[in-house]
Structure formats: C-alpha cells, structure tokens
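Here is query.cif, consisting of mmCIF, N, CA and C atoms:
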data_target
#
loop_
_atom_site.label_atom_id
_atom_site.label_comp_id
_atom_site.auth_asym_id
_atom_site.auth_seq_id
_atom_site.Cartn_x
_atom_site.Cartn_y
_atom_site.Cartn_z
N MET A 1 2.68 4.98 10.45
CA MET A 1 2.65 4.42 9.12
C MET A 1 1.19 4.41 8.67
N ARG A 2 0.99 4.85 7.48
CA ARG A 2 -0.37 4.96 6.95
C ARG A 2 -0.41 4.28 5.59
N ILE A 3 -1.46 3.48 5.37
CA ILE A 3 -1.63 2.86 4.06
C ILE A 3 -3.03 3.15 3.53
N VAL A 4 -3.11 3.20 2.22
CA VAL A 4 -4.38 3.26 1.52
C VAL A 4 -4.41 2.01 0.65
N ILE A 5 -5.43 1.19 0.86
CA ILE A 5 -5.58 -0.05 0.10
C ILE A 5 -6.73 0.14 -0.88
N GLN A 6 -6.47 -0.13 -2.13
CA GLN A 6 -7.53 -0.08 -3.13
C GLN A 6 -7.63 -1.46 -3.78
N ARG A 7 -8.84 -2.01 -3.72
CA ARG A 7 -9.07 -3.28 -4.42
C ARG A 7 -9.15 -2.94 -5.91
N VAL A 8 -8.34 -3.63 -6.70
CA VAL A 8 -8.24 -3.28 -8.11
C VAL A 8 -8.48 -4.48 -9.02
N ARG A 9 -8.91 -4.16 -10.22
CA ARG A 9 -8.96 -5.18 -11.28
C ARG A 9 -7.61 -5.27 -11.97
N GLU A 10 -6.89 -4.13 -11.96
CA GLU A 10 -5.52 -4.09 -12.45
C GLU A 10 -4.88 -2.80 -11.97
N ALA A 11 -3.56 -2.80 -11.88
CA ALA A 11 -2.82 -1.60 -11.49
C ALA A 11 -1.40 -1.70 -12.05
N SER A 12 -0.82 -0.53 -12.30
CA SER A 12 0.54 -0.52 -12.84
C SER A 12 1.27 0.75 -12.43
N VAL A 13 2.60 0.68 -12.52
CA VAL A 13 3.47 1.82 -12.28
C VAL A 13 4.33 2.00 -13.52
N THR A 14 4.32 3.23 -14.04
CA THR A 14 5.16 3.60 -15.17
C THR A 14 6.11 4.69 -14.70
N ILE A 15 7.37 4.56 -15.08
CA ILE A 15 8.39 5.54 -14.71
C ILE A 15 9.12 5.96 -15.99
N GLY A 16 9.09 7.26 -16.26
CA GLY A 16 9.77 7.76 -17.45
C GLY A 16 9.26 7.16 -18.74
N GLY A 17 7.98 6.87 -18.79
CA GLY A 17 7.38 6.30 -20.00
C GLY A 17 7.55 4.81 -20.16
N THR A 18 8.21 4.16 -19.20
CA THR A 18 8.45 2.72 -19.26
C THR A 18 7.68 2.01 -18.15
N LEU A 19 6.97 0.96 -18.52
CA LEU A 19 6.23 0.17 -17.53
C LEU A 19 7.23 -0.46 -16.57
N HIS A 20 7.06 -0.19 -15.27
CA HIS A 20 7.97 -0.74 -14.25
C HIS A 20 7.39 -2.00 -13.61
N SER A 21 6.10 -1.96 -13.25
CA SER A 21 5.47 -3.13 -12.65
C SER A 21 3.97 -3.08 -12.91
N LYS A 22 3.36 -4.27 -12.82
CA LYS A 22 1.95 -4.38 -13.14
C LYS A 22 1.37 -5.60 -12.43
N ILE A 23 0.11 -5.47 -11.98
CA ILE A 23 -0.62 -6.61 -11.45
C ILE A 23 -1.99 -6.66 -12.13
N GLY A 24 -2.59 -7.83 -12.06
CA GLY A 24 -3.99 -7.96 -12.46
C GLY A 24 -4.84 -7.67 -11.23
N ALA A 25 -5.83 -8.50 -10.98
CA ALA A 25 -6.71 -8.30 -9.82
C ALA A 25 -5.91 -8.41 -8.53
N GLY A 26 -6.30 -7.59 -7.55
CA GLY A 26 -5.63 -7.63 -6.26
C GLY A 26 -5.76 -6.33 -5.52
N MET A 27 -4.63 -5.87 -4.95
CA MET A 27 -4.60 -4.65 -4.15
C MET A 27 -3.50 -3.72 -4.62
N LEU A 28 -3.84 -2.45 -4.72
CA LEU A 28 -2.84 -1.40 -4.82
C LEU A 28 -2.70 -0.85 -3.40
N VAL A 29 -1.50 -0.87 -2.86
CA VAL A 29 -1.26 -0.40 -1.49
C VAL A 29 -0.30 0.79 -1.57
N LEU A 30 -0.80 1.95 -1.13
CA LEU A 30 0.02 3.16 -1.04
C LEU A 30 0.51 3.27 0.39
N LEU A 31 1.80 3.54 0.59
CA LEU A 31 2.42 3.51 1.91
C LEU A 31 3.09 4.83 2.24
N GLY A 32 2.71 5.41 3.38
CA GLY A 32 3.36 6.59 3.92
C GLY A 32 4.06 6.25 5.22
N ILE A 33 5.27 6.75 5.40
CA ILE A 33 6.10 6.40 6.57
C ILE A 33 6.47 7.67 7.34
N GLU A 34 6.36 7.60 8.68
CA GLU A 34 6.78 8.71 9.54
C GLU A 34 7.83 8.22 10.53
N ASP A 35 8.54 9.15 11.14
CA ASP A 35 9.65 8.78 12.04
C ASP A 35 9.21 7.96 13.24
N ALA A 36 7.98 8.10 13.68
CA ALA A 36 7.49 7.35 14.84
C ALA A 36 7.26 5.87 14.53
N ASP A 37 7.32 5.47 13.27
CA ASP A 37 7.02 4.09 12.89
C ASP A 37 8.15 3.14 13.28
N THR A 38 7.74 1.91 13.63
CA THR A 38 8.67 0.89 14.08
C THR A 38 8.43 -0.41 13.31
N ASP A 39 9.28 -1.40 13.60
CA ASP A 39 9.08 -2.73 13.00
C ASP A 39 7.74 -3.32 13.43
N GLU A 40 7.29 -2.97 14.62
CA GLU A 40 5.98 -3.44 15.08
C GLU A 40 4.86 -2.90 14.18
N ASP A 41 4.97 -1.66 13.73
CA ASP A 41 3.98 -1.10 12.81
C ASP A 41 3.99 -1.85 11.49
N ILE A 42 5.17 -2.18 11.01
CA ILE A 42 5.29 -2.94 9.77
C ILE A 42 4.61 -4.29 9.92
N ASP A 43 4.93 -5.02 10.98
CA ASP A 43 4.34 -6.34 11.21
C ASP A 43 2.82 -6.26 11.28
N TRP A 44 2.32 -5.30 12.06
CA TRP A 44 0.87 -5.17 12.25
C TRP A 44 0.17 -4.84 10.94
N LEU A 45 0.71 -3.88 10.19
CA LEU A 45 0.07 -3.48 8.93
C LEU A 45 0.14 -4.58 7.88
N CYS A 46 1.24 -5.28 7.80
CA CYS A 46 1.36 -6.36 6.81
C CYS A 46 0.39 -7.50 7.13
N ARG A 47 0.30 -7.88 8.40
CA ARG A 47 -0.67 -8.92 8.80
C ARG A 47 -2.09 -8.47 8.48
N LYS A 48 -2.39 -7.22 8.83
CA LYS A 48 -3.73 -6.66 8.61
C LYS A 48 -4.06 -6.62 7.12
N THR A 49 -3.12 -6.20 6.30
CA THR A 49 -3.34 -6.10 4.86
C THR A 49 -3.67 -7.45 4.25
N VAL A 50 -2.89 -8.45 4.56
CA VAL A 50 -3.09 -9.78 3.97
C VAL A 50 -4.35 -10.45 4.51
N ALA A 51 -4.73 -10.14 5.74
CA ALA A 51 -5.92 -10.77 6.35
C ALA A 51 -7.22 -10.01 6.05
N LEU A 52 -7.11 -8.80 5.51
CA LEU A 52 -8.29 -7.97 5.27
C LEU A 52 -9.25 -8.65 4.30
N ARG A 53 -10.47 -8.85 4.73
CA ARG A 53 -11.46 -9.58 3.92
C ARG A 53 -12.26 -8.60 3.07
N ILE A 54 -11.67 -8.26 1.90
CA ILE A 54 -12.31 -7.29 1.01
C ILE A 54 -12.59 -7.86 -0.38
N PHE A 55 -12.40 -9.16 -0.54
CA PHE A 55 -12.67 -9.79 -1.83
C PHE A 55 -13.94 -10.63 -1.74
N ASN A 56 -14.67 -10.66 -2.84
CA ASN A 56 -15.97 -11.33 -2.86
C ASN A 56 -15.85 -12.85 -2.82
N ASP A 57 -16.74 -13.46 -2.03
CA ASP A 57 -16.85 -14.92 -2.03
C ASP A 57 -17.82 -15.32 -3.14
N SER A 58 -18.19 -16.59 -3.18
CA SER A 58 -19.08 -17.08 -4.25
C SER A 58 -20.47 -16.47 -4.20
N GLN A 59 -20.87 -15.89 -3.07
CA GLN A 59 -22.17 -15.22 -2.94
C GLN A 59 -22.07 -13.71 -3.21
N GLY A 60 -20.89 -13.24 -3.58
CA GLY A 60 -20.71 -11.83 -3.86
C GLY A 60 -20.54 -10.97 -2.62
N VAL A 61 -20.23 -11.60 -1.48
CA VAL A 61 -20.04 -10.88 -0.22
C VAL A 61 -18.54 -10.70 0.03
N MET A 62 -18.12 -9.50 0.45
CA MET A 62 -16.71 -9.28 0.76
C MET A 62 -16.37 -10.09 2.00
N ASN A 63 -15.79 -11.26 1.76
CA ASN A 63 -15.55 -12.20 2.85
C ASN A 63 -14.21 -12.92 2.72
N LEU A 64 -13.45 -12.62 1.67
CA LEU A 64 -12.21 -13.34 1.44
C LEU A 64 -10.99 -12.43 1.56
N PRO A 65 -9.92 -12.93 2.20
CA PRO A 65 -8.66 -12.19 2.17
C PRO A 65 -7.94 -12.46 0.84
N ILE A 66 -6.96 -11.64 0.54
CA ILE A 66 -6.24 -11.78 -0.72
C ILE A 66 -5.60 -13.16 -0.87
N SER A 67 -5.21 -13.77 0.23
CA SER A 67 -4.57 -15.09 0.18
C SER A 67 -5.50 -16.18 -0.34
N GLU A 68 -6.80 -15.92 -0.34
CA GLU A 68 -7.76 -16.91 -0.83
C GLU A 68 -8.30 -16.57 -2.22
N VAL A 69 -7.68 -15.60 -2.88
CA VAL A 69 -8.09 -15.21 -4.22
C VAL A 69 -7.00 -15.66 -5.19
N PRO A 70 -7.30 -16.66 -6.05
CA PRO A 70 -6.28 -17.17 -6.97
C PRO A 70 -5.70 -16.06 -7.85
N ASP A 71 -4.40 -16.07 -7.98
CA ASP A 71 -3.65 -15.16 -8.85
C ASP A 71 -3.75 -13.68 -8.46
N ALA A 72 -4.26 -13.37 -7.28
CA ALA A 72 -4.34 -11.97 -6.85
C ALA A 72 -2.96 -11.47 -6.46
N GLY A 73 -2.67 -10.23 -6.79
CA GLY A 73 -1.37 -9.66 -6.49
C GLY A 73 -1.48 -8.38 -5.67
N ILE A 74 -0.34 -7.93 -5.21
CA ILE A 74 -0.26 -6.65 -4.51
C ILE A 74 0.79 -5.80 -5.21
N LEU A 75 0.41 -4.54 -5.46
CA LEU A 75 1.34 -3.54 -5.96
C LEU A 75 1.53 -2.52 -4.84
N LEU A 76 2.75 -2.42 -4.31
CA LEU A 76 3.07 -1.53 -3.19
C LEU A 76 3.83 -0.32 -3.72
N VAL A 77 3.32 0.88 -3.38
CA VAL A 77 3.92 2.13 -3.85
C VAL A 77 4.14 3.06 -2.66
N SER A 78 5.37 3.54 -2.49
CA SER A 78 5.64 4.52 -1.43
C SER A 78 5.02 5.86 -1.83
N GLN A 79 4.44 6.54 -0.84
CA GLN A 79 3.79 7.82 -1.13
C GLN A 79 3.87 8.72 0.10
N PHE A 80 4.88 9.56 0.15
CA PHE A 80 5.10 10.41 1.32
C PHE A 80 3.94 11.38 1.54
N THR A 81 3.19 11.71 0.50
CA THR A 81 2.09 12.67 0.66
C THR A 81 0.96 12.13 1.53
N LEU A 82 0.94 10.84 1.82
CA LEU A 82 -0.06 10.30 2.75
C LEU A 82 0.14 10.85 4.15
N MET A 83 1.32 11.36 4.44
CA MET A 83 1.61 11.90 5.76
C MET A 83 1.35 13.41 5.84
N ALA A 84 0.70 13.96 4.83
CA ALA A 84 0.43 15.40 4.78
C ALA A 84 -0.44 15.86 5.94
N SER A 85 -0.12 17.06 6.42
CA SER A 85 -0.97 17.73 7.40
C SER A 85 -1.57 18.95 6.72
N THR A 86 -2.88 19.09 6.84
CA THR A 86 -3.57 20.24 6.26
C THR A 86 -4.19 21.10 7.35
N LYS A 87 -3.65 20.97 8.55
CA LYS A 87 -4.19 21.66 9.72
C LYS A 87 -4.14 23.18 9.57
N LYS A 88 -3.02 23.71 9.05
CA LYS A 88 -2.87 25.15 8.90
C LYS A 88 -2.80 25.52 7.42
N GLY A 89 -3.61 26.47 7.03
CA GLY A 89 -3.53 27.00 5.67
C GLY A 89 -3.96 26.00 4.61
N ASN A 90 -3.58 26.30 3.37
CA ASN A 90 -3.99 25.48 2.24
C ASN A 90 -2.85 24.72 1.59
N ARG A 91 -1.64 24.96 2.06
CA ARG A 91 -0.50 24.23 1.52
C ARG A 91 -0.18 23.10 2.48
N PRO A 92 -0.26 21.86 2.02
CA PRO A 92 0.02 20.73 2.91
C PRO A 92 1.46 20.77 3.43
N SER A 93 1.61 20.35 4.67
CA SER A 93 2.93 20.21 5.28
C SER A 93 3.28 18.73 5.31
N TYR A 94 4.51 18.41 4.95
CA TYR A 94 4.96 17.02 4.93
C TYR A 94 6.00 16.77 6.01
N ILE A 95 5.98 17.57 7.05
CA ILE A 95 6.98 17.48 8.11
C ILE A 95 6.95 16.12 8.82
N LYS A 96 5.78 15.46 8.84
CA LYS A 96 5.68 14.15 9.50
C LYS A 96 6.27 13.02 8.66
N ALA A 97 6.41 13.24 7.36
CA ALA A 97 6.94 12.20 6.48
C ALA A 97 8.42 11.99 6.76
N SER A 98 8.83 10.74 6.87
CA SER A 98 10.24 10.42 7.13
C SER A 98 11.12 10.82 5.95
N ARG A 99 12.33 11.24 6.26
CA ARG A 99 13.33 11.52 5.24
C ARG A 99 13.77 10.19 4.62
N PRO A 100 14.30 10.22 3.41
CA PRO A 100 14.69 8.98 2.72
C PRO A 100 15.61 8.07 3.52
N GLU A 101 16.54 8.64 4.29
CA GLU A 101 17.48 7.78 5.04
C GLU A 101 16.77 6.93 6.09
N VAL A 102 15.60 7.34 6.53
CA VAL A 102 14.78 6.55 7.46
C VAL A 102 13.75 5.73 6.68
N ALA A 103 13.11 6.37 5.71
CA ALA A 103 11.99 5.74 5.01
C ALA A 103 12.40 4.59 4.09
N ILE A 104 13.52 4.71 3.41
CA ILE A 104 13.91 3.65 2.47
C ILE A 104 14.11 2.31 3.18
N PRO A 105 14.88 2.25 4.27
CA PRO A 105 15.01 0.96 4.96
C PRO A 105 13.65 0.43 5.47
N MET A 106 12.78 1.33 5.93
CA MET A 106 11.46 0.90 6.40
C MET A 106 10.63 0.36 5.23
N TYR A 107 10.70 1.02 4.10
CA TYR A 107 10.00 0.58 2.89
C TYR A 107 10.47 -0.82 2.48
N LYS A 108 11.77 -1.03 2.49
CA LYS A 108 12.32 -2.34 2.13
C LYS A 108 11.88 -3.42 3.12
N LYS A 109 11.86 -3.08 4.41
CA LYS A 109 11.37 -4.03 5.42
C LYS A 109 9.89 -4.35 5.19
N PHE A 110 9.13 -3.32 4.84
CA PHE A 110 7.70 -3.51 4.59
C PHE A 110 7.50 -4.47 3.41
N ILE A 111 8.25 -4.29 2.35
CA ILE A 111 8.16 -5.18 1.18
C ILE A 111 8.45 -6.62 1.60
N ALA A 112 9.57 -6.83 2.31
CA ALA A 112 9.97 -8.18 2.72
C ALA A 112 8.91 -8.82 3.63
N ARG A 113 8.40 -8.05 4.57
CA ARG A 113 7.40 -8.58 5.51
C ARG A 113 6.09 -8.88 4.80
N LEU A 114 5.68 -8.02 3.87
CA LEU A 114 4.45 -8.24 3.11
C LEU A 114 4.57 -9.49 2.25
N GLU A 115 5.73 -9.68 1.63
CA GLU A 115 5.96 -10.89 0.83
C GLU A 115 5.92 -12.14 1.70
N GLN A 116 6.47 -12.04 2.90
CA GLN A 116 6.45 -13.17 3.84
C GLN A 116 5.01 -13.51 4.21
N GLU A 117 4.21 -12.51 4.54
CA GLU A 117 2.80 -12.74 4.91
C GLU A 117 1.99 -13.30 3.74
N LEU A 118 2.24 -12.76 2.54
CA LEU A 118 1.48 -13.15 1.37
C LEU A 118 1.92 -14.51 0.82
N GLY A 119 3.20 -14.82 0.96
CA GLY A 119 3.71 -16.10 0.47
C GLY A 119 4.23 -16.04 -0.95
N HIS A 120 4.29 -14.85 -1.53
CA HIS A 120 4.89 -14.68 -2.86
C HIS A 120 5.28 -13.21 -3.05
N PRO A 121 6.10 -12.93 -4.07
CA PRO A 121 6.57 -11.56 -4.27
C PRO A 121 5.43 -10.56 -4.54
N VAL A 122 5.68 -9.32 -4.16
CA VAL A 122 4.76 -8.23 -4.48
C VAL A 122 5.43 -7.34 -5.51
N ALA A 123 4.62 -6.71 -6.34
CA ALA A 123 5.12 -5.72 -7.29
C ALA A 123 5.32 -4.42 -6.53
N THR A 124 6.24 -3.59 -6.99
CA THR A 124 6.52 -2.33 -6.29
C THR A 124 6.73 -1.19 -7.27
N GLY A 125 6.68 0.00 -6.70
CA GLY A 125 7.15 1.18 -7.39
C GLY A 125 8.62 1.36 -7.06
N VAL A 126 9.14 2.56 -7.30
CA VAL A 126 10.53 2.88 -6.97
C VAL A 126 10.51 4.06 -6.00
N PHE A 127 11.08 3.87 -4.83
CA PHE A 127 11.05 4.91 -3.81
C PHE A 127 11.62 6.21 -4.37
N GLY A 128 10.87 7.30 -4.22
CA GLY A 128 11.33 8.62 -4.61
C GLY A 128 11.22 8.94 -6.09
N ALA A 129 10.81 7.98 -6.90
CA ALA A 129 10.70 8.21 -8.34
C ALA A 129 9.43 8.98 -8.66
N ASP A 130 9.44 9.66 -9.80
CA ASP A 130 8.24 10.30 -10.33
C ASP A 130 7.48 9.20 -11.06
N MET A 131 6.46 8.67 -10.41
CA MET A 131 5.73 7.51 -10.92
C MET A 131 4.35 7.91 -11.42
N GLN A 132 3.92 7.25 -12.47
CA GLN A 132 2.54 7.36 -12.90
C GLN A 132 1.89 6.04 -12.51
N VAL A 133 0.91 6.13 -11.62
CA VAL A 133 0.23 4.94 -11.11
C VAL A 133 -1.15 4.89 -11.76
N ALA A 134 -1.42 3.79 -12.45
CA ALA A 134 -2.71 3.61 -13.11
C ALA A 134 -3.43 2.46 -12.42
N LEU A 135 -4.74 2.59 -12.28
CA LEU A 135 -5.50 1.52 -11.67
C LEU A 135 -6.94 1.53 -12.16
N VAL A 136 -7.53 0.37 -12.09
CA VAL A 136 -8.97 0.24 -12.27
C VAL A 136 -9.48 -0.25 -10.92
N ASN A 137 -10.09 0.68 -10.17
CA ASN A 137 -10.59 0.38 -8.83
C ASN A 137 -11.79 -0.55 -8.97
N ASP A 138 -11.83 -1.58 -8.17
CA ASP A 138 -12.88 -2.59 -8.23
C ASP A 138 -13.86 -2.36 -7.08
N GLY A 139 -15.04 -1.93 -7.40
CA GLY A 139 -16.08 -1.72 -6.39
C GLY A 139 -16.74 -0.37 -6.50
N PRO A 140 -16.10 0.70 -6.17
CA PRO A 140 -14.75 0.82 -5.64
C PRO A 140 -14.66 0.43 -4.17
N VAL A 141 -13.52 -0.14 -3.83
CA VAL A 141 -13.22 -0.47 -2.43
C VAL A 141 -11.90 0.22 -2.10
N THR A 142 -11.94 1.14 -1.14
CA THR A 142 -10.77 1.86 -0.70
C THR A 142 -10.78 1.90 0.83
N ILE A 143 -9.69 1.43 1.45
CA ILE A 143 -9.57 1.34 2.90
C ILE A 143 -8.32 2.10 3.33
N ILE A 144 -8.45 2.92 4.37
CA ILE A 144 -7.31 3.65 4.93
C ILE A 144 -7.02 3.09 6.33
N ILE A 145 -5.75 2.75 6.57
CA ILE A 145 -5.35 2.21 7.86
C ILE A 145 -4.12 2.96 8.34
N ASP A 146 -4.16 3.39 9.60
CA ASP A 146 -3.04 4.11 10.21
C ASP A 146 -2.57 3.31 11.42
N SER A 147 -1.31 2.91 11.41
CA SER A 147 -0.79 2.09 12.51
C SER A 147 -0.68 2.86 13.82
N GLN A 148 -0.70 4.18 13.76
CA GLN A 148 -0.66 4.99 14.97
C GLN A 148 -2.05 5.18 15.58
N ASN A 149 -3.08 4.74 14.86
CA ASN A 149 -4.47 4.87 15.30
C ASN A 149 -5.18 3.56 14.98
N ARG A 150 -4.89 2.54 15.71
CA ARG A 150 -5.35 1.17 15.39
C ARG A 150 -6.81 0.95 15.72
N GLN A 151 -7.66 1.42 14.83
CA GLN A 151 -9.11 1.24 15.02
C GLN A 151 -9.66 0.35 13.93
#
Could you express the structure from this file as structure tokens?
Amino acid sequence: MRIVIQRVREASVTIGGTLHSKIGAGMLVLLGIEDADTDEDIDWLCRKTVALRIFNDSQGVMNLPISEVPDAGILLVSQFTLMASTKKGNRPSYIKASRPEVAIPMYKKFIARLEQELGHPVATGVFGADMQVALVNDGPVTIIIDSQNRQ
C-alpha cells in the first residue's frame, strides 16, 4: 500500500463537472493498493498518517499532527497509478495494482480506519471514477509512504 500525502490549504474532487467533496486546510491523501496489502498495512498507514507531524506550531515549525490542527480535514482519493512500475520501457505497468474486487473492500476499510484514528469523517473521492482533483499545496509539503517499505 502506498500513499502520497500533500499538506493543503484546500482540496476538492469533481466528478462529471459536479463537486463531489471538498476540504479546507488539511491533507490530501492519494492511496494505491496492491494484492500484498493486508489489514495490518491499513492500520499502520492510518496511524502513521494521523500522527505525522507536518503542520506548523506557533513558532512556524512542522511539529503538529493533523489531530492538533483545528478544523483540519483529510480528503482520501484512490489512485491505482501510484502502483505503477516504470522498470521496463516508457509505458508504465500497473500489474501490481489490485483489481477492483480486492481494492474496493481495502479502500473502504482504509476509510473506516482513518476516520477512527482521526475521530471524525474524512472526505473521499469515488473509487474508479474519472475524478478531477484540485488542490492548493501548502509549503509545499509532500510525503510518500509505502507500507511494504517501512522506513
């Protein structure tokens, strides 16, 4: 399981010209799922995401987790292209990305677990939809975390 976290001033998902979800300040989290992923990966990544100290304290130092930032939200978007392999040639291979019958239940578990860790609902995209994701990156701060490579 691989996530890209972007600290944002705002982020939104539009589908078919209609606004689906939106947050103000917080995190945009892009999620890629592979067949090797387990519930343990979900638990670890959700705990890590909510505990990640990437928000500024009163001295302007990135020292606060999202749980200590008033009104901060999370927008979670599934993105199978995060599992791309570019090892051979110039056309990415998505063979590591889970098929929908595996990925959708994992995505739903991830949402539920993230909401449990955060203590309130998260905004989401729609699995498999053609989404337009807009964001204003804050910093910019962008963090990539892979549960199969816990460094």
Quick one: residues within 8 Å of Val126 in chain A, all atoms listed in the file counted, chain neighbours fewer than 4 positions away excluded, as a ChimeraX atom specification? /A:13,20,76-78,130-131
Taking into account all atoms listed in the file, which residue in the set A:Leu82, A:Leu114, A:Ala129, A:Leu28 is nearest to Asp43 in chain A?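 Of the candidates, the smallest distance to Asp43 in chain A is held by A:Leu114.
Every protein, DNA or RNA residue with an atom at most 8 Å from range 95-104 of chain A, where only C-alpha atoms count and chain neighbours fewer than 6 positions away do not, is listed here: A:Gly32, A:Ile33, A:Glu34, A:Asp35, A:Phe80, A:Thr81, A:Met83, A:Ala84, A:Ser85, A:Phe127.
The space between CA of Thr18 in chain A and CA of Ile66 in chain A spans 27.7 Å.
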Which of chain A fall in alpha helix (DSSP H), as a compact mmCIF listing (two decimals) with N, CA and C atoms, keeping the file's coordinate frame:
# COMPACT_ATOMS: atom_id res chain seq x y z
N ASP A 39 9.28 -1.40 13.60
CA ASP A 39 9.08 -2.73 13.00
C ASP A 39 7.74 -3.32 13.43
N GLU A 40 7.29 -2.97 14.62
CA GLU A 40 5.98 -3.44 15.08
C GLU A 40 4.86 -2.90 14.18
N ASP A 41 4.97 -1.66 13.73
CA ASP A 41 3.98 -1.10 12.81
C ASP A 41 3.99 -1.85 11.49
N ILE A 42 5.17 -2.18 11.01
CA ILE A 42 5.29 -2.94 9.77
C ILE A 42 4.61 -4.29 9.92
N ASP A 43 4.93 -5.02 10.98
CA ASP A 43 4.34 -6.34 11.21
C ASP A 43 2.82 -6.26 11.28
N TRP A 44 2.32 -5.30 12.06
CA TRP A 44 0.87 -5.17 12.25
C TRP A 44 0.17 -4.84 10.94
N LEU A 45 0.71 -3.88 10.19
CA LEU A 45 0.07 -3.48 8.93
C LEU A 45 0.14 -4.58 7.88
N CYS A 46 1.24 -5.28 7.80
CA CYS A 46 1.36 -6.36 6.81
C CYS A 46 0.39 -7.50 7.13
N ARG A 47 0.30 -7.88 8.40
CA ARG A 47 -0.67 -8.92 8.80
C ARG A 47 -2.09 -8.47 8.48
N LYS A 48 -2.39 -7.22 8.83
CA LYS A 48 -3.73 -6.66 8.61
C LYS A 48 -4.06 -6.62 7.12
N THR A 49 -3.12 -6.20 6.30
CA THR A 49 -3.34 -6.10 4.86
C THR A 49 -3.67 -7.45 4.25
N VAL A 50 -2.89 -8.45 4.56
CA VAL A 50 -3.09 -9.78 3.97
C VAL A 50 -4.35 -10.45 4.51
N ALA A 51 -4.73 -10.14 5.74
CA ALA A 51 -5.92 -10.77 6.35
C ALA A 51 -7.22 -10.01 6.05
N PRO A 100 14.30 10.22 3.41
CA PRO A 100 14.69 8.98 2.72
C PRO A 100 15.61 8.07 3.52
N GLU A 101 16.54 8.64 4.29
CA GLU A 101 17.48 7.78 5.04
C GLU A 101 16.77 6.93 6.09
N VAL A 102 15.60 7.34 6.53
CA VAL A 102 14.78 6.55 7.46
C VAL A 102 13.75 5.73 6.68
N ALA A 103 13.11 6.37 5.71
CA ALA A 103 11.99 5.74 5.01
C ALA A 103 12.40 4.59 4.09
N ILE A 104 13.52 4.71 3.41
CA ILE A 104 13.91 3.65 2.47
C ILE A 104 14.11 2.31 3.18
N PRO A 105 14.88 2.25 4.27
CA PRO A 105 15.01 0.96 4.96
C PRO A 105 13.65 0.43 5.47
N MET A 106 12.78 1.33 5.93
CA MET A 106 11.46 0.90 6.40
C MET A 106 10.63 0.36 5.23
N TYR A 107 10.70 1.02 4.10
CA TYR A 107 10.00 0.58 2.89
C TYR A 107 10.47 -0.82 2.48
N LYS A 108 11.77 -1.03 2.49
CA LYS A 108 12.32 -2.34 2.13
C LYS A 108 11.88 -3.42 3.12
N LYS A 109 11.86 -3.08 4.41
CA LYS A 109 11.37 -4.03 5.42
C LYS A 109 9.89 -4.35 5.19
N PHE A 110 9.13 -3.32 4.84
CA PHE A 110 7.70 -3.51 4.59
C PHE A 110 7.50 -4.47 3.41
N ILE A 111 8.25 -4.29 2.35
CA ILE A 111 8.16 -5.18 1.18
C ILE A 111 8.45 -6.62 1.60
N ALA A 112 9.57 -6.83 2.31
CA ALA A 112 9.97 -8.18 2.72
C ALA A 112 8.91 -8.82 3.63
N ARG A 113 8.40 -8.05 4.57
CA ARG A 113 7.40 -8.58 5.51
C ARG A 113 6.09 -8.88 4.80
N LEU A 114 5.68 -8.02 3.87
CA LEU A 114 4.45 -8.24 3.11
C LEU A 114 4.57 -9.49 2.25
N GLU A 115 5.73 -9.68 1.63
CA GLU A 115 5.96 -10.89 0.83
C GLU A 115 5.92 -12.14 1.70
N GLN A 116 6.47 -12.04 2.90
CA GLN A 116 6.45 -13.17 3.84
C GLN A 116 5.01 -13.51 4.21
N GLU A 117 4.21 -12.51 4.54
CA GLU A 117 2.80 -12.74 4.91
C GLU A 117 1.99 -13.30 3.74
N LEU A 118 2.24 -12.76 2.54
CA LEU A 118 1.48 -13.15 1.37
C LEU A 118 1.92 -14.51 0.82
Carefully work through the PyMOL selection byres (((chain A and resi 6 and name CA) around 8) and name CA) for this structure and note down the residues it includes, as a ChimeraX atom specification. /A:4-5,7-8,27-29,137-138,140-143
With distances taken over all atoms listed in the file, which of A:Met62, A:Ile74, A:Leu118, A:Met1 is nearest to Asp37 in chain A? A:Met1
One decimal, Å: what's the distance from CA of Lys22 in chain A over to CA of Leu75 in chain A, could you say? 7.3 Å
Tell me, counting all atoms listed in the file, for each residue of range 10-93 of chain A within 7 Å of range 109-113 of chain A, which pair of atoms is nearest and how far apart they are in Å to one decimal, in rows ordered by chain and increasing number, as a Markdown table.
| residue | atom | partner | partner_atom | distance |
| --- | --- | --- | --- | --- |
| A:Ile42 | CA | A:Phe110 | CA | 5.7 |
| A:Asp43 | CA | A:Arg113 | CA | 6.8 |
| A:Cys46 | CA | A:Arg113 | C | 5.7 |
| A:Arg47 | N | A:Arg113 | C | 6.9 |
Just write the chosen residues, N, CA and C atoms, as a PDB file, in the frame of the given file.
ATOM      1  N   ILE A  42       5.170  -2.180  11.010  1.00  0.00           N
ATOM      2  CA  ILE A  42       5.290  -2.940   9.770  1.00  0.00           C
ATOM      3  C   ILE A  42       4.610  -4.290   9.920  1.00  0.00           C
ATOM      4  N   ASP A  43       4.930  -5.020  10.980  1.00  0.00           N
ATOM      5  CA  ASP A  43       4.340  -6.340  11.210  1.00  0.00           C
ATOM      6  C   ASP A  43       2.820  -6.260  11.280  1.00  0.00           C
ATOM      7  N   CYS A  46       1.240  -5.280   7.800  1.00  0.00           N
ATOM      8  CA  CYS A  46       1.360  -6.360   6.810  1.00  0.00           C
ATOM      9  C   CYS A  46       0.390  -7.500   7.130  1.00  0.00           C
ATOM     10  N   ARG A  47       0.300  -7.880   8.400  1.00  0.00           N
ATOM     11  CA  ARG A  47      -0.670  -8.920   8.800  1.00  0.00           C
ATOM     12  C   ARG A  47      -2.090  -8.470   8.480  1.00  0.00           C
TER      13      ARG A  47
END
Residues returned when the PyMOL selection byres (((chain A and resi 67 and name CA) around 12) and name CA) runs on this file, as a VMD selection string: chain A and resid 26 to 27 47 to 55 63 to 66 68 to 74 114 to 120
Point-to-point distance from CA of Gly17 in chain A to CA of Val122 in chain A, Å rounded to tenths: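 Between these atoms lies a distance of 21.4 Å.
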Coordinates of range 38-42 of chain A, N, CA and C atoms, as a CSV table (one decimal), in the first residue's frame:
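Resulting contents of decode.csv:
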chain,number,residue,atom,x,y,z
A,38,THR,N,-2.4,-5.9,3.5
A,38,THR,CA,-3.3,-6.5,4.5
A,38,THR,C,-3.9,-5.5,5.4
A,39,ASP,N,-4.7,-6.0,6.3
A,39,ASP,CA,-5.3,-5.1,7.3
A,39,ASP,C,-4.2,-4.4,8.2
A,40,GLU,N,-3.1,-5.1,8.4
A,40,GLU,CA,-2.0,-4.6,9.1
A,40,GLU,C,-1.4,-3.4,8.4
A,41,ASP,N,-1.4,-3.4,7.1
A,41,ASP,CA,-0.9,-2.2,6.3
A,41,ASP,C,-1.8,-1.1,6.5
A,42,ILE,N,-3.1,-1.3,6.5
A,42,ILE,CA,-4.1,-0.3,6.7
A,42,ILE,C,-3.9,0.3,8.1
